[in-house]
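Engineer: My questions will all concern the structure given below.
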Amino acid sequence: MDWMRAGRVIKDGDQVSLYKANGEALNMSTALGTGMIIKVNDMSYTIIIYGDVNGDGQINMMDVAYLRDQIYGIDTLDGPFYRAMDVNHDNRVNLMDLAAIRDAIYEVDTINQNV
Ligand SMILES: [Ca+2]
Ligand SMILES: [Ca+2]
């Protein structure tokens, strides 16, 4: 498993396939979400979309709920889902990230995905 930066270009002739975190194959027209695995040739990458905490490919109030549960210790996530919660990229998950997701939802600010 490796990390791939946002903006990587898929070239003609690359073999590309998409999978759920559990290994189930997905159609390539599926919206990309946190935790999905994309295979390019012989390399596998885990997708992280900052702010998409539940991995459905959208950033909305569901993600706010997951992040709130993480902050208050009600329910916790790890791996790529935890990384997706660190919306302001300071290696901590806290109320600042909650504010940043809300700002993105209300289009006050955007989330930097190119980290
Ligand atoms: Ca989501
Ligand atoms: Ca943070």
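The way I read the labels, and the way they are meant: chains A, B, ... in the order of the structure tokens, residue 1 as the first residue of every chain, and ligand 1 as the first ligand shown, with later ones counted on from there.
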Per residue of chain A within 7 Å of ligand 2, what are the shortest atom pair and its distance in Å to one decimal, counting only C-alpha atoms and all ligand atoms, with rows by chain and residue number, as CSV?
Structural biologist:
```
residue,atom,partner,partner_atom_place_in_ligand_line,distance
A:Asp86,CA,ligand 2,1 (Ca),4.0
A:Val87,CA,ligand 2,1 (Ca),5.5
A:Asn88,CA,ligand 2,1 (Ca),4.7
A:His89,CA,ligand 2,1 (Ca),5.1
A:Asp90,CA,ligand 2,1 (Ca),4.6
A:Asn91,CA,ligand 2,1 (Ca),5.5
A:Arg92,CA,ligand 2,1 (Ca),4.2
A:Val93,CA,ligand 2,1 (Ca),4.5
A:Asn94,CA,ligand 2,1 (Ca),6.0
A:Met96,CA,ligand 2,1 (Ca),6.3
A:Asp97,CA,ligand 2,1 (Ca),5.0
```
Engineer: Please identify the residues whose atoms come within 6 Å of ligand 1, using only C-alpha atoms and all ligand atoms, and report them as a list in words.
Structural biologist: Asp52, Val53, Asn54, Gly55, Asp56, Gly57, Gln58, Ile59, Asn60 and Asp63 of chain A
Engineer: Give me a file of those residues, with C-alpha atoms, as a compact mmCIF listing (two decimals), in the first residue's frame.
Structural biologist:
```
# COMPACT_ATOMS: atom_id res chain seq x y z
CA ASP A 52 -15.18 12.68 3.54
CA VAL A 53 -15.03 10.87 6.85
CA ASN A 54 -17.59 8.15 6.08
CA GLY A 55 -16.20 7.29 2.64
CA ASP A 56 -19.27 7.99 0.52
CA GLY A 57 -17.43 10.49 -1.67
CA GLN A 58 -19.40 13.50 -0.45
CA ILE A 59 -18.64 16.05 2.23
CA ASN A 60 -21.79 16.80 4.17
CA ASP A 63 -19.21 13.63 7.99
```
Engineer: Please extract the residues of region 12-93 of chain A with a backbone DSSP assignment of alpha helix (DSSP H) and present them as a VMD selection string.
Structural biologist: chain A and resid 61 to 71 79 to 85
Engineer: Where in chain A does DSSP assign strand (DSSP E), given as number ranges by chain?
Structural biologist: A: 16-19, 25-26, 37-40, 43-46
Engineer: Find the residue from A:Thr110, A:Ile10, A:Ala84, A:Gly51 that sits nearest to Ile38 (chain A); use only C-alpha atoms when measuring.
Structural biologist: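 Going through A:Thr110, A:Ile10, A:Ala84, A:Gly51 one by one, the smallest distance to Ile38 (chain A) is for A:Ile10.
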Engineer: Please, what distance in Å, to one decimal, runs between CA of Asn22 (chain A) and CA of Arg8 (chain A)?
Structural biologist: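 That distance, rounded to one decimal, is 23.8 Å.
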Engineer: Would you mind reading off the distance between CA of Asp14 (chain A) and CA of Gly33 (chain A), one decimal, in Å?
Structural biologist: 20.8 Å
Engineer: Hey, which of A:Thr76, A:Gln70, A:Ser17, A:Asn112 ends up closest to Met43 (chain A)? Count only C-alpha atoms.
Structural biologist: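 Among the listed residues, the smallest separation from Met43 (chain A) belongs to A:Ser17.
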